[in-house]
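File shown: input_22.csv (CSV, C-alpha atoms).
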chain,number,residue,atom,x,y,z
A,1,MET,CA,39.7,15.9,-31.2
A,2,SER,CA,36.3,17.0,-30.0
A,3,SER,CA,35.0,20.5,-30.6
A,4,PRO,CA,34.6,23.1,-27.9
A,5,ILE,CA,30.8,23.3,-28.5
A,6,ARG,CA,30.5,19.5,-28.0
A,7,HIS,CA,32.5,19.8,-24.8
A,8,VAL,CA,30.3,22.6,-23.4
A,9,ARG,CA,27.1,20.6,-24.3
A,10,HIS,CA,28.5,17.6,-22.5
A,11,ILE,CA,29.3,19.7,-19.4
A,12,GLN,CA,25.7,21.2,-19.5
A,13,TYR,CA,24.2,17.7,-19.8
A,14,ILE,CA,26.2,16.4,-16.8
A,15,ARG,CA,25.2,19.5,-14.7
A,16,ARG,CA,21.5,18.9,-15.5
A,17,ALA,CA,21.8,15.2,-14.6
A,18,ILE,CA,23.4,16.0,-11.3
A,19,ALA,CA,20.8,18.6,-10.5
A,20,VAL,CA,18.0,16.2,-11.3
A,21,ALA,CA,19.6,13.4,-9.3
A,22,ALA,CA,19.9,15.8,-6.3
A,23,LEU,CA,16.2,16.6,-6.4
A,24,VAL,CA,14.9,13.0,-6.6
A,25,PRO,CA,15.3,12.2,-2.8
A,26,LEU,CA,13.5,15.5,-2.0
A,27,PHE,CA,10.6,14.5,-4.2
A,28,PHE,CA,10.1,11.2,-2.4
A,29,ALA,CA,10.9,12.4,1.1
A,30,GLY,CA,7.7,12.4,3.1
A,31,CYS,CA,5.6,11.4,0.1
A,32,LYS,CA,2.6,9.5,1.4
A,33,ALA,CA,0.0,7.6,-0.6
A,34,ASP,CA,-3.2,9.6,-1.1
A,35,HIS,CA,-6.2,7.9,0.5
A,36,SER,CA,-8.1,11.1,1.4
A,37,ASP,CA,-11.1,9.9,-0.6
A,38,LEU,CA,-11.4,6.7,1.5
A,39,ALA,CA,-12.4,6.0,5.0
A,40,SER,CA,-9.5,4.9,7.2
A,41,PHE,CA,-8.8,3.1,10.5
A,42,THR,CA,-5.8,3.3,12.8
A,43,VAL,CA,-4.0,0.2,13.9
A,44,SER,CA,-5.5,0.4,17.4
A,45,GLU,CA,-9.0,0.7,15.9
A,46,LEU,CA,-8.6,-2.3,13.7
A,47,ALA,CA,-7.0,-4.4,16.4
A,48,ALA,CA,-9.9,-3.6,18.8
A,49,MET,CA,-12.5,-4.5,16.1
A,50,LEU,CA,-10.8,-7.8,15.5
A,51,VAL,CA,-10.7,-8.6,19.2
A,52,GLN,CA,-14.3,-7.6,19.6
A,53,GLY,CA,-15.3,-9.9,16.7
A,54,VAL,CA,-16.7,-7.2,14.5
A,55,ALA,CA,-17.8,-8.5,11.2
A,56,LEU,CA,-15.3,-7.3,8.6
A,57,THR,CA,-12.9,-8.5,6.0
A,58,VAL,CA,-9.2,-7.5,6.1
A,59,LEU,CA,-7.6,-7.6,2.7
A,60,ASP,CA,-3.8,-7.7,2.2
A,61,ALA,CA,-2.8,-5.8,-1.0
A,62,ASN,CA,0.9,-6.5,-0.5
A,63,ASN,CA,3.1,-8.7,-2.8
A,64,ASP,CA,4.5,-12.0,-1.6
A,65,ASP,CA,7.9,-10.5,-0.9
A,66,THR,CA,6.5,-8.0,1.5
A,67,ARG,CA,4.3,-10.7,3.1
A,68,ALA,CA,7.3,-13.0,3.5
A,69,LYS,CA,9.4,-10.2,5.0
A,70,ARG,CA,6.8,-8.6,7.4
A,71,GLY,CA,4.0,-11.1,7.8
A,72,ILE,CA,0.2,-10.9,7.4
A,73,ILE,CA,-2.5,-9.5,9.7
A,74,PRO,CA,-4.1,-12.7,11.1
A,75,GLY,CA,-7.2,-13.7,9.1
A,76,ALA,CA,-6.5,-11.3,6.2
A,77,VAL,CA,-7.5,-12.3,2.7
A,78,LEU,CA,-4.4,-12.3,0.5
A,79,LEU,CA,-5.3,-10.5,-2.8
A,80,SER,CA,-3.8,-12.0,-5.9
A,81,SER,CA,-3.0,-8.5,-7.2
A,82,TYR,CA,-3.8,-5.1,-5.8
A,83,ARG,CA,-4.8,-3.9,-9.3
A,84,ASP,CA,-6.2,-7.0,-10.9
A,85,TYR,CA,-7.6,-9.1,-8.1
A,86,LEU,CA,-10.7,-11.3,-8.9
A,87,TRP,CA,-14.1,-10.4,-7.6
A,88,SER,CA,-14.3,-13.8,-6.1
A,89,GLU,CA,-11.6,-12.7,-3.6
A,90,LEU,CA,-14.1,-10.3,-2.0
A,91,PRO,CA,-17.3,-11.1,-0.1
A,92,THR,CA,-20.4,-11.4,-2.2
A,93,ASP,CA,-22.3,-8.9,0.1
A,94,LYS,CA,-21.4,-5.5,-1.2
A,95,ALA,CA,-22.3,-3.9,2.2
A,96,SER,CA,-19.6,-5.9,3.9
A,97,GLN,CA,-17.0,-3.8,5.8
A,98,LEU,CA,-13.7,-4.1,3.8
A,99,ILE,CA,-10.4,-2.9,5.2
A,100,PHE,CA,-7.4,-2.9,2.8
A,101,TYR,CA,-3.8,-2.6,3.8
A,102,CYS,CA,-0.4,-2.7,2.2
A,103,ALA,CA,3.2,-2.0,3.4
A,104,SER,CA,3.0,1.4,4.9
A,105,GLU,CA,1.8,5.0,4.5
A,106,MET,CA,4.2,5.3,1.5
A,107,CYS,CA,2.5,2.5,-0.3
A,108,SER,CA,-0.4,3.0,-2.7
A,109,ALA,CA,-1.5,-0.6,-3.2
A,110,ALA,CA,-4.2,-0.5,-0.5
A,111,PRO,CA,-5.9,2.7,-1.7
A,112,THR,CA,-5.7,1.4,-5.3
A,113,ALA,CA,-7.3,-1.9,-4.4
A,114,ALA,CA,-9.9,-0.2,-2.2
A,115,ARG,CA,-10.9,2.2,-5.0
A,116,LYS,CA,-11.5,-0.8,-7.3
A,117,ALA,CA,-13.9,-2.2,-4.7
A,118,VAL,CA,-15.7,1.1,-4.4
A,119,ALA,CA,-16.0,1.3,-8.2
A,120,ALA,CA,-17.6,-2.2,-8.1
A,121,GLY,CA,-20.3,-1.0,-5.7
A,122,TYR,CA,-18.9,-2.0,-2.3
A,123,SER,CA,-20.2,0.6,0.2
A,124,ALA,CA,-18.2,0.1,3.3
A,125,VAL,CA,-14.6,0.3,2.1
A,126,ALA,CA,-11.6,1.6,4.2
A,127,VAL,CA,-7.9,1.5,4.4
A,128,LEU,CA,-5.3,1.0,7.1
A,129,PRO,CA,-2.8,3.7,6.1
A,130,ALA,CA,-0.1,2.5,8.5
A,131,GLY,CA,-0.1,-0.8,6.8
A,132,ILE,CA,1.7,-3.9,8.0
A,133,LYS,CA,4.7,-1.7,9.0
A,134,GLY,CA,2.5,0.3,11.4
A,135,TRP,CA,0.8,-2.9,12.6
A,136,LEU,CA,4.2,-4.4,13.6
A,137,GLU,CA,5.4,-1.1,15.2
A,138,GLU,CA,2.4,-1.2,17.5
A,139,GLY,CA,3.2,-4.7,18.6
A,140,GLN,CA,0.3,-6.4,16.9
A,141,PRO,CA,0.5,-10.1,16.0
A,142,VAL,CA,1.2,-11.4,12.5
A,143,ASP,CA,0.9,-14.7,10.7
A,144,GLU,CA,3.6,-16.0,8.3
A,145,LEU,CA,3.0,-16.2,4.6
A,146,PRO,CA,1.6,-19.7,3.9
A,147,THR,CA,3.8,-21.9,1.8
A,148,SER,CA,2.2,-23.5,-1.2
Before we go any further, please render this structure as C-alpha coordinates.
Amino acid sequence: MSSPIRHVRHIQYIRRAIAVAALVPLFFAGCKADHSDLASFTVSELAAMLVQGVALTVLDANNDDTRAKRGIIPGAVLLSSYRDYLWSELPTDKASQLIFYCASEMCSAAPTAARKAVAAGYSAVAVLPAGIKGWLEEGQPVDELPTS
(Lines of atoms letter the chains of each structure in order from A and count residues from 1; the text may use other names and numbers.)
(Lines give C-alpha, C1' and ligand atoms only; values in the text may rest on other atoms or scores of the structure.)
Protein backbone atom coordinates (compact mmCIF):
# COMPACT_ATOMS: atom_id res chain seq x y z
CA MET A 1 0.00 0.00 0.00
CA SER A 2 1.33 3.46 -0.86
CA SER A 3 2.00 6.11 1.76
CA PRO A 4 -0.17 9.24 2.05
CA ILE A 5 2.88 11.42 1.35
CA ARG A 6 3.59 9.61 -1.91
CA HIS A 7 -0.08 10.00 -2.89
CA VAL A 8 -0.02 13.77 -2.20
CA ARG A 9 3.19 14.20 -4.22
CA HIS A 10 1.63 12.27 -7.10
CA ILE A 11 -1.44 14.54 -7.07
CA GLN A 12 0.80 17.65 -6.95
CA TYR A 13 2.79 16.35 -9.93
CA ILE A 14 -0.39 15.73 -11.93
CA ARG A 15 -1.73 19.22 -11.11
CA ARG A 16 1.54 20.84 -12.25
CA ALA A 17 1.54 18.81 -15.47
CA ILE A 18 -2.04 19.85 -16.22
CA ALA A 19 -1.23 23.51 -15.52
CA VAL A 20 1.78 23.44 -17.84
CA ALA A 21 -0.17 21.63 -20.56
CA ALA A 22 -2.89 24.28 -20.35
CA LEU A 23 -0.34 27.08 -20.85
CA VAL A 24 1.43 25.61 -23.89
CA PRO A 25 -1.24 26.70 -26.44
CA LEU A 26 -1.24 30.21 -24.95
CA PHE A 27 2.52 30.41 -25.36
CA PHE A 28 2.38 29.58 -29.06
CA ALA A 29 -0.82 31.47 -29.94
CA GLY A 30 0.07 34.45 -32.06
CA CYS A 31 3.78 33.75 -31.82
CA LYS A 32 5.46 35.12 -34.92
CA ALA A 33 9.03 34.61 -36.01
CA ASP A 34 11.15 37.68 -35.26
CA HIS A 35 12.56 39.33 -38.35
CA SER A 36 12.66 42.90 -37.03
CA ASP A 37 16.39 43.15 -37.74
CA LEU A 38 15.86 42.37 -41.44
CA ALA A 39 14.30 44.22 -44.35
CA SER A 40 11.02 42.72 -45.50
CA PHE A 41 8.69 42.73 -48.48
CA THR A 42 4.98 42.03 -48.73
CA VAL A 43 3.58 39.49 -51.14
CA SER A 44 2.26 42.24 -53.44
CA GLU A 45 5.64 44.02 -53.45
CA LEU A 46 7.54 40.84 -54.34
CA ALA A 47 4.98 39.83 -56.98
CA ALA A 48 5.26 43.28 -58.60
CA MET A 49 9.07 43.12 -58.62
CA LEU A 50 8.98 39.69 -60.26
CA VAL A 51 6.54 40.91 -62.94
CA GLN A 52 8.71 43.99 -63.57
CA GLY A 53 11.80 41.82 -63.96
CA VAL A 54 13.69 43.43 -61.09
CA ALA A 55 17.05 41.73 -60.58
CA LEU A 56 16.69 39.68 -57.40
CA THR A 57 17.04 36.15 -56.10
CA VAL A 58 14.18 34.52 -54.24
CA LEU A 59 15.34 31.78 -51.86
CA ASP A 60 13.06 29.06 -50.49
CA ALA A 61 14.08 28.06 -46.95
CA ASN A 62 11.32 25.46 -46.57
CA ASN A 63 11.83 21.73 -46.25
CA ASP A 64 10.69 19.37 -49.00
CA ASP A 65 7.49 18.42 -47.15
CA THR A 66 6.33 22.05 -47.12
CA ARG A 67 7.42 22.50 -50.73
CA ALA A 68 5.50 19.40 -51.81
CA LYS A 69 2.39 20.48 -49.90
CA ARG A 70 2.29 24.19 -50.79
CA GLY A 71 4.51 24.64 -53.83
CA ILE A 72 7.34 27.01 -54.62
CA ILE A 73 7.44 30.63 -55.72
CA PRO A 74 8.31 30.43 -59.43
CA GLY A 75 12.04 30.82 -60.02
CA ALA A 76 13.01 30.44 -56.36
CA VAL A 77 16.30 28.83 -55.44
CA LEU A 78 15.64 25.83 -53.20
CA LEU A 79 18.06 25.96 -50.30
CA SER A 80 19.41 22.59 -49.21
CA SER A 81 18.96 23.62 -45.56
CA TYR A 82 17.93 26.88 -43.99
CA ARG A 83 20.75 26.59 -41.44
CA ASP A 84 23.49 24.80 -43.32
CA TYR A 85 23.04 25.76 -46.97
CA LEU A 86 26.15 26.03 -49.13
CA TRP A 87 27.54 29.38 -50.21
CA SER A 88 27.36 28.11 -53.79
CA GLU A 89 23.55 28.25 -53.48
CA LEU A 90 23.72 32.07 -53.29
CA PRO A 91 24.77 34.49 -56.02
CA THR A 92 28.48 35.33 -56.01
CA ASP A 93 27.75 39.09 -56.06
CA LYS A 94 27.27 40.02 -52.41
CA ALA A 95 25.33 43.15 -53.44
CA SER A 96 22.60 41.00 -55.05
CA GLN A 97 19.08 41.49 -53.70
CA LEU A 98 18.17 38.31 -51.79
CA ILE A 99 14.65 37.61 -50.55
CA PHE A 100 14.21 34.58 -48.30
CA TYR A 101 10.87 32.97 -47.53
CA CYS A 102 9.60 29.98 -45.59
CA ALA A 103 6.16 28.64 -44.65
CA SER A 104 4.50 31.60 -42.92
CA GLU A 105 4.86 34.34 -40.32
CA MET A 106 5.14 31.62 -37.68
CA CYS A 107 8.20 30.06 -39.33
CA SER A 108 11.74 31.12 -38.45
CA ALA A 109 13.58 29.37 -41.28
CA ALA A 110 13.69 32.41 -43.62
CA PRO A 111 14.98 34.86 -40.99
CA THR A 112 17.59 32.29 -39.89
CA ALA A 113 18.78 31.74 -43.46
CA ALA A 114 18.76 35.48 -44.16
CA ARG A 115 20.88 36.24 -41.10
CA LYS A 116 23.43 33.69 -42.28
CA ALA A 117 23.69 35.58 -45.59
CA VAL A 118 24.06 38.91 -43.77
CA ALA A 119 26.81 37.43 -41.61
CA ALA A 120 28.59 36.32 -44.79
CA GLY A 121 28.62 39.89 -46.11
CA TYR A 122 25.53 40.05 -48.32
CA SER A 123 24.23 43.61 -48.15
CA ALA A 124 20.74 43.48 -49.70
CA VAL A 125 18.99 40.78 -47.70
CA ALA A 126 15.27 40.67 -46.93
CA VAL A 127 12.51 38.27 -45.97
CA LEU A 128 8.96 37.64 -47.13
CA PRO A 129 7.30 37.26 -43.72
CA ALA A 130 4.00 35.94 -45.12
CA GLY A 131 5.90 33.02 -46.67
CA ILE A 132 4.42 30.58 -49.13
CA LYS A 133 1.17 30.53 -47.14
CA GLY A 134 0.66 34.26 -47.66
CA TRP A 135 1.76 33.95 -51.28
CA LEU A 136 -0.99 31.39 -51.89
CA GLU A 137 -3.59 33.34 -49.90
CA GLU A 138 -3.04 36.30 -52.22
CA GLY A 139 -3.62 34.09 -55.27
CA GLN A 140 -0.06 34.16 -56.57
CA PRO A 141 1.16 31.31 -58.79
CA VAL A 142 3.36 28.48 -57.55
CA ASP A 143 5.47 25.80 -59.14
CA GLU A 144 5.45 22.20 -57.96
CA LEU A 145 8.44 20.68 -56.22
CA PRO A 146 10.64 19.14 -58.94
CA THR A 147 10.94 15.37 -58.70
CA SER A 148 14.47 13.99 -58.77
Straight-line distance linking atom CA of A:Val125 with atom CA of A:Lys69, stated in Å to one decimal
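Straight-line distance from atom CA of A:Val125 to atom CA of A:Lys69 works out to 26.4 Å.
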Which residue of A:Thr42, A:Thr57, A:Asn63, A:Ser36 approaches A:Leu79 most closely, using only C-alpha atoms
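Of all the options, A:Asn63 lies closest to A:Leu79.
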What is the atom CA of A:Pro74-atom CA of A:Pro141 distance in Å, reported with one decimal?
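Calculated distance between atom CA of A:Pro74 and atom CA of A:Pro141 is 7.2 Å.
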I'd like to know which of A:Ala114, A:Val43, A:Ile72, A:Cys107 is closest to A:Leu128, using only C-alpha atoms.
A:Val43
Which polymer residues have any atom within 12 Å of an atom of stretch 82-86 of chain A, counting all atoms listed in the file, with same-chain residues fewer than 5 positions away left out, as a CSV table (one decimal) with C-alpha atoms, keeping the file's coordinate frame?
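Resulting contents of around_22.csv:
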chain,number,residue,atom,x,y,z
A,59,LEU,CA,-7.6,-7.6,2.7
A,60,ASP,CA,-3.8,-7.7,2.2
A,61,ALA,CA,-2.8,-5.8,-1.0
A,62,ASN,CA,0.9,-6.5,-0.5
A,63,ASN,CA,3.1,-8.7,-2.8
A,64,ASP,CA,4.5,-12.0,-1.6
A,77,VAL,CA,-7.5,-12.3,2.7
A,91,PRO,CA,-17.3,-11.1,-0.1
A,92,THR,CA,-20.4,-11.4,-2.2
A,100,PHE,CA,-7.4,-2.9,2.8
A,101,TYR,CA,-3.8,-2.6,3.8
A,102,CYS,CA,-0.4,-2.7,2.2
A,103,ALA,CA,3.2,-2.0,3.4
A,107,CYS,CA,2.5,2.5,-0.3
A,108,SER,CA,-0.4,3.0,-2.7
A,109,ALA,CA,-1.5,-0.6,-3.2
A,110,ALA,CA,-4.2,-0.5,-0.5
A,111,PRO,CA,-5.9,2.7,-1.7
A,112,THR,CA,-5.7,1.4,-5.3
A,113,ALA,CA,-7.3,-1.9,-4.4
A,114,ALA,CA,-9.9,-0.2,-2.2
A,115,ARG,CA,-10.9,2.2,-5.0
A,116,LYS,CA,-11.5,-0.8,-7.3
A,117,ALA,CA,-13.9,-2.2,-4.7
A,120,ALA,CA,-17.6,-2.2,-8.1
Between A:Leu46, A:Leu38, A:Ile99, A:Ile73, which residue has the minimum interatomic distance to A:Val58, considering only C-alpha atoms?
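Answer, going by the shortest atom-to-atom distance: A:Ile99.
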Find the spatial neighbours of A:Arg70, counting all atoms listed in the file, within a cut-off of 9 Å - ignore same-chain residues fewer than 5 positions away - and output them as a ChimeraX atom specification.
/A:65,103,132-133,136,142,144-145
Would you compute the distance between atom CA of A:Val51 and atom CA of A:Ala33? Give it in Å to one decimal.
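For atom CA of A:Val51 relative to atom CA of A:Ala33, the distance reads 27.7 Å.
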Could you give me, as a PyMOL selection string, the residues within 10 Å of A:Lys32, counting all atoms listed in the file and dropping anything in the same chain fewer than 4 positions from it?
chain A and resi 28+104-108+129
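Minimum distance to A:Leu90 across A:Arg16, A:Leu78, A:Gly53, A:Glu137 (counting only C-alpha atoms) occurs at A:Leu78.
With distances taken over only C-alpha atoms, A:Asp93 is the one residue among A:Glu45, A:Asp93, A:Asp37, A:Asp143 lying closest to A:Ser123.
Residue nearest A:Gly139 within the list A:Ser44, A:Ala39, A:Ala76, A:Arg9: A:Ser44 [criterion: smallest interatomic distance, all atoms listed in the file].
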